[in-house]
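Everything below belongs to upload.txt, which stores compact mmCIF, C-alpha atoms.
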```
# COMPACT_ATOMS: atom_id res chain seq x y z
CA MET A 1 233.37 -49.26 202.00
CA THR A 2 233.73 -49.59 198.21
CA GLY A 3 231.35 -48.02 195.73
CA THR A 4 229.89 -51.42 194.92
CA GLY A 5 229.41 -52.20 198.60
CA THR A 6 227.67 -48.88 199.12
CA ARG A 7 225.31 -49.60 196.24
CA GLU A 8 224.52 -53.04 197.63
CA VAL A 9 223.62 -51.53 201.00
CA SER A 10 221.44 -48.90 199.33
CA VAL A 11 219.55 -51.48 197.24
CA ALA A 12 219.16 -53.79 200.23
CA GLY A 13 217.79 -50.86 202.24
CA ALA A 14 215.27 -50.09 199.50
CA ILE A 15 214.13 -53.74 199.49
CA VAL A 16 213.72 -53.75 203.27
CA ALA A 17 211.80 -50.46 203.21
CA LEU A 18 209.47 -51.77 200.50
CA GLY A 19 209.01 -54.99 202.46
CA LEU A 20 208.06 -53.13 205.64
CA VAL A 21 205.48 -51.04 203.80
CA LEU A 22 203.96 -54.14 202.20
CA ALA A 23 203.97 -56.04 205.49
CA ALA A 24 201.99 -53.25 207.09
CA VAL A 25 199.62 -52.44 204.24
CA ALA A 26 199.34 -55.63 202.17
CA PRO A 27 200.51 -58.70 204.11
CA GLY A 28 199.04 -60.94 201.41
CA TYR A 29 202.05 -60.00 199.29
CA PHE A 30 204.12 -62.44 201.34
CA SER A 31 201.84 -65.41 200.83
CA GLY A 32 203.58 -68.56 199.71
CA GLY A 33 201.75 -68.65 196.40
CA ASN A 34 202.64 -65.07 195.47
CA LEU A 35 206.30 -65.45 196.42
CA THR A 36 206.54 -68.69 194.43
CA ASP A 37 204.99 -67.06 191.37
CA MET A 38 207.36 -64.11 191.66
CA PHE A 39 210.36 -66.42 191.98
CA LEU A 40 209.46 -68.52 188.95
CA ALA A 41 208.62 -65.47 186.83
CA ASN A 42 211.97 -63.84 187.61
CA LEU A 43 214.17 -66.93 187.68
CA PRO A 44 215.19 -66.39 184.03
CA VAL A 45 216.18 -62.81 184.81
CA LEU A 46 218.35 -63.97 187.72
CA LEU A 47 220.14 -66.69 185.77
CA VAL A 48 220.83 -64.50 182.75
CA ALA A 49 221.89 -61.65 185.04
CA LEU A 50 224.61 -63.85 186.56
CA GLY A 51 226.16 -64.22 183.12
CA MET A 52 225.54 -60.58 182.22
CA THR A 53 227.50 -59.59 185.32
CA LEU A 54 230.57 -61.29 183.85
CA VAL A 55 230.12 -59.59 180.50
CA ILE A 56 229.56 -56.10 181.92
CA VAL A 57 232.40 -56.42 184.44
CA SER A 58 234.67 -57.41 181.53
CA GLY A 59 233.79 -54.12 179.86
CA GLU A 60 231.25 -55.33 177.30
CA ILE A 61 227.48 -55.70 176.93
CA ASP A 62 225.08 -58.17 175.31
CA ILE A 63 221.62 -57.08 174.18
CA ALA A 64 220.92 -60.29 172.21
CA VAL A 65 220.02 -62.45 175.22
CA GLY A 66 216.29 -62.13 174.59
CA SER A 67 216.61 -63.59 171.11
CA VAL A 68 218.95 -66.33 172.33
CA PHE A 69 216.45 -67.12 175.09
CA ALA A 70 213.66 -67.62 172.54
CA ILE A 71 215.75 -69.88 170.31
CA CYS A 72 216.95 -72.09 173.16
CA GLY A 73 213.41 -72.64 174.43
CA ILE A 74 212.17 -73.54 170.95
CA VAL A 75 215.11 -75.91 170.37
CA ALA A 76 214.46 -77.77 173.63
CA GLY A 77 210.72 -77.94 172.95
CA ILE A 78 211.05 -79.25 169.40
CA LEU A 79 213.50 -81.95 170.42
CA ALA A 80 211.26 -83.06 173.30
CA LYS A 81 208.24 -83.11 170.99
CA VAL A 82 209.91 -85.41 168.43
CA GLY A 83 210.71 -87.95 171.13
CA VAL A 84 214.23 -87.08 172.21
CA PRO A 85 214.79 -87.78 175.94
CA VAL A 86 213.86 -84.73 177.97
CA TRP A 87 217.26 -84.47 179.61
CA PHE A 88 218.96 -84.45 176.21
CA ALA A 89 216.55 -81.82 174.88
CA CYS A 90 217.29 -79.61 177.88
CA VAL A 91 221.05 -80.02 177.61
CA THR A 92 220.87 -79.24 173.89
CA GLY A 93 218.95 -76.06 174.67
CA CYS A 94 221.74 -74.98 177.02
CA LEU A 95 224.41 -75.88 174.45
CA ALA A 96 222.58 -73.88 171.80
CA GLY A 97 222.78 -70.86 174.08
CA ALA A 98 226.48 -71.45 174.70
CA ALA A 99 227.11 -71.71 170.95
CA LEU A 100 225.30 -68.45 170.20
CA GLY A 101 227.08 -66.72 173.08
CA SER A 102 230.37 -68.06 171.79
CA LEU A 103 229.62 -66.59 168.37
CA ASN A 104 228.97 -63.16 169.86
CA GLY A 105 232.09 -63.45 171.99
CA ALA A 106 234.27 -64.40 169.04
CA LEU A 107 233.05 -61.44 166.99
CA VAL A 108 233.71 -59.08 169.90
CA ALA A 109 236.96 -60.52 171.26
CA TYR A 110 238.72 -61.69 168.11
CA ALA A 111 237.16 -59.67 165.29
CA GLY A 112 237.30 -56.49 167.37
CA ILE A 113 233.73 -55.41 166.62
CA PRO A 114 232.10 -53.37 169.42
CA SER A 115 229.81 -55.55 171.51
CA ILE A 116 226.85 -53.18 171.22
CA VAL A 117 227.06 -53.49 167.42
CA VAL A 118 227.55 -57.26 167.39
CA THR A 119 224.73 -58.05 169.78
CA LEU A 120 222.35 -55.55 168.20
CA ALA A 121 222.91 -57.30 164.88
CA THR A 122 222.50 -60.80 166.30
CA MET A 123 219.48 -59.74 168.34
CA VAL A 124 217.65 -58.72 165.17
CA ALA A 125 219.01 -61.54 162.98
CA LEU A 126 218.20 -64.30 165.47
CA ARG A 127 214.74 -62.95 166.29
CA ASP A 128 213.77 -62.54 162.63
CA GLY A 129 215.38 -65.87 161.72
CA LEU A 130 213.35 -67.64 164.39
CA ARG A 131 210.19 -65.92 163.23
CA TRP A 132 210.89 -67.06 159.66
CA ALA A 133 211.77 -70.63 160.69
CA THR A 134 208.69 -71.12 162.87
CA ASP A 135 206.26 -68.89 160.95
CA GLY A 136 205.48 -67.45 164.35
CA ALA A 137 203.97 -70.74 165.50
CA TRP A 138 204.34 -71.96 169.07
CA VAL A 139 205.64 -75.39 169.99
CA GLN A 140 202.63 -77.34 171.25
CA ASP A 141 201.70 -80.92 172.16
CA LEU A 142 204.75 -81.32 174.36
CA PRO A 143 205.25 -84.68 176.13
CA ALA A 144 204.04 -84.92 179.70
CA GLY A 145 207.55 -85.55 180.97
CA PHE A 146 208.74 -82.20 179.64
CA GLN A 147 206.50 -80.06 181.79
CA TRP A 148 208.04 -79.38 185.20
CA LEU A 149 210.92 -81.67 184.09
CA GLY A 150 208.81 -84.61 185.17
CA LEU A 151 208.53 -83.25 188.72
CA THR A 152 205.36 -82.23 190.49
CA GLN A 153 204.16 -78.66 190.21
CA SER A 154 205.04 -78.14 193.86
CA GLY A 155 208.39 -79.90 193.59
CA PHE A 156 209.73 -77.97 190.61
CA PRO A 157 210.07 -74.59 192.41
CA ILE A 158 212.18 -76.30 195.08
CA ALA A 159 214.48 -77.85 192.47
CA ALA A 160 214.69 -74.52 190.61
CA ALA A 161 215.55 -72.71 193.85
CA VAL A 162 218.35 -75.19 194.57
CA ILE A 163 219.77 -74.63 191.08
CA ALA A 164 219.54 -70.83 191.47
CA VAL A 165 221.18 -70.80 194.90
CA MET A 166 223.99 -73.13 193.84
CA LEU A 167 224.78 -71.15 190.69
CA THR A 168 224.65 -67.84 192.57
CA ALA A 169 227.01 -69.17 195.24
CA VAL A 170 229.42 -70.60 192.67
CA PHE A 171 229.57 -67.37 190.66
CA ALA A 172 229.91 -65.19 193.76
CA TRP A 173 232.74 -67.33 195.10
CA GLY A 174 234.43 -67.67 191.72
CA LEU A 175 234.47 -63.94 190.98
CA GLY A 176 236.00 -63.21 194.36
CA HIS A 177 238.41 -66.09 194.83
CA LEU A 178 239.39 -67.67 191.51
CA GLY A 179 242.02 -66.43 189.11
CA ALA A 180 239.40 -66.49 186.36
CA GLY A 181 237.24 -64.07 188.35
CA ARG A 182 240.15 -61.71 188.93
CA ALA A 183 240.94 -61.89 185.22
CA VAL A 184 237.42 -60.67 184.41
CA PHE A 185 237.85 -57.66 186.70
CA ALA A 186 241.31 -56.92 185.35
CA THR A 187 240.09 -57.11 181.76
CA GLY A 188 237.27 -54.68 182.45
CA SER A 189 239.32 -52.30 184.58
CA ASN A 190 242.30 -51.82 182.26
CA PRO A 191 242.59 -54.15 179.25
CA ALA A 192 246.00 -52.80 178.22
CA ALA A 193 247.49 -53.36 181.68
CA ALA A 194 245.89 -56.80 181.83
CA ARG A 195 247.54 -57.78 178.54
CA LEU A 196 250.89 -56.50 179.78
CA ALA A 197 250.43 -58.67 182.86
CA GLY A 198 250.06 -61.71 180.61
CA LEU A 199 246.28 -62.08 180.55
CA ASP A 200 244.61 -63.15 177.33
CA THR A 201 241.85 -60.52 177.48
CA ALA A 202 240.27 -61.72 174.24
CA ARG A 203 239.86 -65.20 175.69
CA VAL A 204 238.41 -63.77 178.91
CA LYS A 205 235.77 -61.82 177.00
CA TRP A 206 234.96 -64.77 174.75
CA ALA A 207 234.52 -66.99 177.82
CA ALA A 208 232.25 -64.41 179.48
CA PHE A 209 229.95 -64.28 176.43
CA THR A 210 229.93 -68.07 176.17
CA MET A 211 229.00 -68.45 179.83
CA LEU A 212 226.25 -65.87 179.42
CA GLY A 213 224.90 -67.84 176.46
CA ALA A 214 224.89 -71.10 178.43
CA LEU A 215 223.05 -69.48 181.35
CA THR A 216 220.56 -67.96 178.93
CA GLY A 217 219.93 -71.44 177.53
CA LEU A 218 219.42 -72.83 181.02
CA ALA A 219 217.04 -69.98 181.86
CA ALA A 220 215.07 -70.66 178.68
CA VAL A 221 214.75 -74.36 179.47
CA LEU A 222 213.64 -73.79 183.07
CA ASN A 223 211.10 -71.26 181.86
CA ALA A 224 209.82 -73.45 179.01
CA VAL A 225 209.08 -76.46 181.20
CA ARG A 226 206.57 -74.43 183.23
CA PHE A 227 204.08 -74.43 180.38
CA ASN A 228 202.47 -76.86 177.95
CA GLN A 229 203.45 -74.76 174.94
CA ILE A 230 206.46 -72.62 174.08
CA PRO A 231 205.99 -69.24 172.35
CA SER A 232 208.35 -68.28 169.54
CA ASN A 233 208.35 -64.68 170.75
CA ALA A 234 209.61 -65.43 174.26
CA GLY A 235 212.27 -63.23 175.80
CA ILE A 236 211.19 -59.90 174.34
CA GLY A 237 212.53 -57.21 176.67
CA LEU A 238 214.58 -59.68 178.71
CA GLU A 239 217.83 -57.92 177.87
CA MET A 240 216.64 -54.65 179.40
CA LYS A 241 215.47 -56.31 182.61
CA VAL A 242 218.77 -58.13 182.97
CA ILE A 243 221.03 -55.18 182.22
CA ALA A 244 218.96 -52.96 184.51
CA ALA A 245 219.27 -55.42 187.40
CA VAL A 246 223.05 -55.68 186.97
CA VAL A 247 223.53 -51.92 186.78
CA VAL A 248 221.15 -51.19 189.67
CA GLY A 249 223.14 -53.74 191.67
CA GLY A 250 226.30 -51.67 191.31
CA ALA A 251 228.05 -52.85 188.15
CA SER A 252 229.68 -50.10 186.13
CA VAL A 253 228.90 -49.84 182.42
CA THR A 254 232.58 -48.99 181.88
CA GLY A 255 233.63 -52.40 183.25
CA GLY A 256 235.81 -53.49 186.12
CA VAL A 257 233.17 -53.01 188.85
CA GLY A 258 230.32 -55.28 189.89
CA SER A 259 229.32 -58.12 192.15
CA VAL A 260 227.00 -61.11 192.15
CA ALA A 261 225.46 -60.00 195.44
CA GLY A 262 224.62 -56.62 193.93
CA THR A 263 223.12 -58.27 190.87
CA VAL A 264 220.89 -60.52 192.99
CA LEU A 265 219.70 -57.52 194.99
CA GLY A 266 219.01 -55.63 191.77
CA VAL A 267 216.93 -58.52 190.45
CA ILE A 268 214.95 -58.70 193.69
CA LEU A 269 214.25 -54.96 193.82
CA LEU A 270 213.10 -54.64 190.22
CA ALA A 271 211.08 -57.86 190.41
CA ALA A 272 209.27 -56.72 193.55
CA ILE A 273 207.95 -53.47 192.13
CA GLY A 274 205.23 -54.77 189.79
CA PRO A 275 203.45 -57.09 192.25
CA ALA A 276 203.89 -54.48 195.00
CA LEU A 277 201.99 -51.90 192.96
CA THR A 278 199.17 -54.38 192.43
CA PHE A 279 198.88 -55.15 196.14
CA LEU A 280 199.06 -51.45 197.01
CA GLY A 281 196.28 -50.63 194.58
CA VAL A 282 198.47 -48.50 192.31
CA SER A 283 198.13 -48.72 188.54
CA ALA A 284 200.54 -51.23 187.02
CA TYR A 285 201.37 -48.65 184.35
CA TRP A 286 203.64 -47.01 186.92
CA GLU A 287 205.90 -50.08 187.09
CA ARG A 288 208.17 -49.20 184.19
CA ALA A 289 208.26 -45.54 185.18
CA ILE A 290 209.45 -46.45 188.67
CA GLN A 291 211.94 -48.98 187.32
CA GLY A 292 213.22 -46.38 184.89
CA ALA A 293 213.68 -43.84 187.69
CA ILE A 294 215.64 -46.41 189.73
CA ILE A 295 217.86 -47.19 186.76
CA LEU A 296 218.43 -43.48 186.08
CA VAL A 297 219.47 -42.90 189.68
CA ALA A 298 221.83 -45.90 189.49
CA ILE A 299 223.43 -44.66 186.27
CA ALA A 300 223.76 -41.14 187.68
CA ALA A 301 225.44 -42.52 190.80
CA ASP A 302 227.73 -44.57 188.58
CA GLY A 303 228.61 -41.44 186.62
CA LEU A 304 229.55 -39.61 189.79
CA ARG A 305 231.67 -42.55 190.93
CA HIS A 306 233.27 -43.15 187.53
CA PRO A 307 233.65 -39.99 185.42
CA ALA A 308 234.32 -42.13 182.34
CA VAL A 309 230.62 -42.94 182.23
CA ARG A 310 229.88 -39.32 181.47
CA ARG A 311 232.18 -39.63 178.47
CA LEU A 312 230.25 -42.67 177.23
CA GLY A 313 232.94 -45.04 178.38
CA GLY A 314 233.18 -48.78 177.93
CA PRO A 315 231.37 -50.48 175.09
CA LEU A 316 229.21 -47.46 174.31
CA ALA A 317 232.25 -45.31 173.68
CA ARG A 318 233.83 -47.96 171.50
CA ALA A 319 230.63 -48.25 169.50
CA ARG A 320 230.83 -44.56 168.66
CA ALA A 321 234.56 -44.57 167.94
```
Will you turn the file into structure tokens for me?
Amino acid sequence: MTGTGTREVSVAGAIVALGLVLAAVAPGYFSGGNLTDMFLANLPVLLVALGMTLVIVSGEIDIAVGSVFAICGIVAGILAKVGVPVWFACVTGCLAGAALGSLNGALVAYAGIPSIVVTLATMVALRDGLRWATDGAWVQDLPAGFQWLGLTQSGFPIAAAVIAVMLTAVFAWGLGHLGAGRAVFATGSNPAAARLAGLDTARVKWAAFTMLGALTGLAAVLNAVRFNQIPSNAGIGLEMKVIAAVVVGGASVTGGVGSVAGTVLGVILLAAIGPALTFLGVSAYWERAIQGAIILVAIAADGLRHPAVRRLGGPLARARA
């Protein structure tokens, strides 16, 4: 069994163990209402994590997704508020994410700037730019057709689940069976060898960042339509949740290793901890400590499997070079 497969089994085992404890001690955890709330709250993390998997497997990282998330939600909300058709406002929000992801990808792939530096800069610039443009105000008085995308409150989670399942299946199949997926792995595993084999590694990395941006835009739109107002400070901390889920799921920070299945399991495990603590009567302040311990164990295991991690490989090494 591969290292990634081993990690997937370990994470799945942890989820099952947690589920058994909750089933015995707090069966209310599995109520339909609680599971629906958990799904909707973590849907943005899942969608962004699918794109982040591509970026990390290609050997890069993006910590600007939280700022991009906020901008895309505001863009969609403002357009809907001024009377633009809801579908057009939502598509524009996704395109805004793709454009910002494309910008990051171009700076990384073609300008040769380390991704940690590029996305740190855009994270700050975009967040502060949005704060300046909106004066910190939220988008309010949204049209009725914007909330829940015009669906019923009970129908929207079903539509969102269909979207999530379809995208997850497409990305899982594409990474494993398409030439584009193999190109992402080759680029992250050994960029020099990939170039010698005829792959345009710069284009692969640019495409990965662009796809991540588009998925971030989609996540922002699906999150925004749940409420009757859109905060300008949305997405704070999203990048850490997403990167943690991908790494816990078995992706290597040095690139070349990762899977969509592992990412989904990582999202599920980290998402389950907070509500589980509440149902078990444990202080919610322990949530981040437990998540941090899980991430530390995952990184340590990655370091044992890939010694380059101990030498600050991948994008972190290039940032220090």
Within 7 Å of Phe209 in chain A using all atoms listed in the file, minus same-chain residues under 6 positions, as a PDB file with C-alpha atoms, keeping the file's coordinate frame:
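Result went into selection.pdb, see below:
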```pdb
ATOM      1  CA  VAL A  55     230.120 -59.590 180.500  1.00  0.00           C
ATOM      2  CA  GLY A 101     227.080 -66.720 173.080  1.00  0.00           C
ATOM      3  CA  SER A 102     230.370 -68.060 171.790  1.00  0.00           C
ATOM      4  CA  ASN A 104     228.970 -63.160 169.860  1.00  0.00           C
ATOM      5  CA  GLY A 105     232.090 -63.450 171.990  1.00  0.00           C
TER       6      GLY A 105
END
```
For Gly181 in chain A, which residue among A:Val57, A:Ala98, A:Ala111, A:Leu18 is the nearest when counting all atoms listed in the file?
->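 The answer is A:Val57, which sits nearest to Gly181 in chain A.
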Quote the spacing between CA of Gly13 in chain A and CA of Gly174 in chain A in Å to one decimal place.
->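 Answer for the CA of Gly13 in chain A to CA of Gly174 in chain A separation: 25.9 Å.
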Counting all atoms listed in the file, give me one row per residue of range 215-297 of chain A with an atom at most 9 Å from an atom of range 29-53 of chain A, showing the shortest contact pair and its distance in Å to one decimal, sorted by chain then residue number, as a tab-separated table.
```
residue	atom	partner	partner_atom	distance
A:Leu215	CA	A:Val48	CA	5.6
A:Thr216	CA	A:Val48	CA	5.2
A:Gly217	CA	A:Val48	CA	8.7
A:Leu218	CA	A:Leu47	CA	7.8
A:Ala219	CA	A:Pro44	CA	4.6
A:Ala220	CA	A:Pro44	CA	6.8
A:Leu222	CA	A:Pro44	CA	7.6
A:Asn223	CA	A:Pro44	CA	6.7
A:Arg226	CA	A:Leu40	CA	8.7
A:Leu238	CA	A:Val45	CA	7.0
A:Glu239	CA	A:Val45	CA	8.6
A:Lys241	CA	A:Val45	CA	6.9
A:Val242	CA	A:Ala49	CA	5.1
A:Ile243	CA	A:Met52	CA	7.0
A:Ala245	CA	A:Ala49	CA	7.2
A:Val246	CA	A:Thr53	CA	6.1
A:Val247	CA	A:Thr53	CA	8.8
A:Ala251	CA	A:Thr53	CA	7.3
A:Gly258	CA	A:Thr53	CA	6.9
A:Ser259	CA	A:Thr53	CA	7.2
A:Val260	CA	A:Leu50	CA	6.7
A:Thr263	CA	A:Ala49	CA	6.9
A:Val264	CA	A:Leu46	CA	6.8
A:Val267	CA	A:Leu46	CA	6.3
A:Ile268	CA	A:Asn42	CA	8.5
A:Ala271	CA	A:Asn42	CA	6.7
A:Ala272	CA	A:Met38	CA	7.9
A:Pro275	CA	A:Tyr29	CA	7.7
A:Ala276	CA	A:Tyr29	CA	7.2
A:Phe279	CA	A:Tyr29	CA	6.6
```
Point-to-point distance from CA of Val170 in chain A to CA of Met211 in chain A, Å rounded to tenths =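 Going from CA of Val170 in chain A over to CA of Met211 in chain A covers 13.0 Å.
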Within-8 Å shell of (238.4, -56.7, 182.9) in input frame, all atoms listed in the file, as a PyMOL selection string = chain A and resi 57-59+183-191+194+201+255-256
note - CA of Gly136 in chain A and CA of Glu287 in chain A are separated by 28.6 Å
Could you tell me which of A:Leu212, A:Ile230, A:Ile74, A:Leu280 comes closest to Val25 in chain A if we count all atoms listed in the file?
->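 Checking each of A:Leu212, A:Ile230, A:Ile74, A:Leu280 against Val25 in chain A, counting all atoms listed in the file, the winner is A:Leu280.
Take the candidates A:Ile61, A:Ile290, A:Leu79, A:Leu103 and check each one against Phe146 in chain A using only C-alpha atoms; the shortest distance goes to A:Leu79.
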Residue nearest Ala12 in chain A among A:Gly250, A:Gly155, A:Gly281, A:Gly274 (counting all atoms listed in the file) |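 Selected residue with least distance to Ala12 in chain A: A:Gly250.
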Point out the residue among A:Ser67, A:Thr254, A:Gln147, A:Ser232 with the least atom-to-atom distance to Ala133 in chain A, counting all atoms listed in the file.
->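 Closest to Ala133 in chain A of all the choices is A:Ser232.
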With distances taken over all atoms listed in the file, which of A:Ala169, A:Ile236, A:Ala159, A:Ile294 is nearest to Ala64 in chain A?
->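 Looking at the shortest contact to Ala64 in chain A, the residue is A:Ile236.
By chain and then residue number, the residues within 8 Å of Gly77 in chain A are Gly73, Lys81, Ala89, Val139, Leu142, Ala224 and Ile230 of chain A, counting only C-alpha atoms and disregarding those fewer than 4 positions away in sequence.
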Generate the coordinates of N, CA and C atoms for range 69-87 of chain A; report them as a compact mmCIF listing (two decimals), in the frame of the given file.
```txt
# COMPACT_ATOMS: atom_id res chain seq x y z
N PHE A 69 217.40 -66.48 174.17
CA PHE A 69 216.45 -67.12 175.09
C PHE A 69 215.32 -67.79 174.31
N ALA A 70 214.76 -67.08 173.33
CA ALA A 70 213.66 -67.62 172.54
C ALA A 70 214.10 -68.84 171.75
N ILE A 71 215.26 -68.77 171.13
CA ILE A 71 215.75 -69.88 170.31
C ILE A 71 216.01 -71.12 171.16
N CYS A 72 216.62 -70.94 172.31
CA CYS A 72 216.95 -72.09 173.16
C CYS A 72 215.69 -72.80 173.65
N GLY A 73 214.66 -72.03 174.00
CA GLY A 73 213.41 -72.64 174.43
C GLY A 73 212.75 -73.43 173.31
N ILE A 74 212.76 -72.86 172.11
CA ILE A 74 212.17 -73.54 170.95
C ILE A 74 212.95 -74.82 170.62
N VAL A 75 214.27 -74.74 170.66
CA VAL A 75 215.11 -75.91 170.37
C VAL A 75 214.79 -77.05 171.33
N ALA A 76 214.75 -76.75 172.63
CA ALA A 76 214.46 -77.77 173.63
C ALA A 76 213.07 -78.35 173.42
N GLY A 77 212.09 -77.48 173.14
CA GLY A 77 210.72 -77.94 172.95
C GLY A 77 210.55 -78.82 171.74
N ILE A 78 211.16 -78.45 170.62
CA ILE A 78 211.05 -79.25 169.40
C ILE A 78 211.68 -80.62 169.58
N LEU A 79 212.84 -80.66 170.20
CA LEU A 79 213.50 -81.95 170.42
C LEU A 79 212.67 -82.84 171.33
N ALA A 80 212.11 -82.26 172.40
CA ALA A 80 211.26 -83.06 173.30
C ALA A 80 210.02 -83.56 172.56
N LYS A 81 209.47 -82.74 171.70
CA LYS A 81 208.24 -83.11 170.99
C LYS A 81 208.47 -84.27 170.02
N VAL A 82 209.66 -84.35 169.40
CA VAL A 82 209.91 -85.41 168.43
C VAL A 82 210.37 -86.70 169.11
N GLY A 83 210.43 -86.71 170.43
CA GLY A 83 210.71 -87.95 171.13
C GLY A 83 212.09 -88.08 171.71
N VAL A 84 212.90 -87.04 171.60
CA VAL A 84 214.23 -87.08 172.21
C VAL A 84 214.07 -87.08 173.73
N PRO A 85 214.89 -87.80 174.47
CA PRO A 85 214.79 -87.78 175.94
C PRO A 85 214.82 -86.35 176.47
N VAL A 86 214.00 -86.09 177.47
CA VAL A 86 213.86 -84.73 177.97
C VAL A 86 215.20 -84.16 178.43
N TRP A 87 215.99 -84.98 179.12
CA TRP A 87 217.26 -84.47 179.61
C TRP A 87 218.16 -84.04 178.46
```
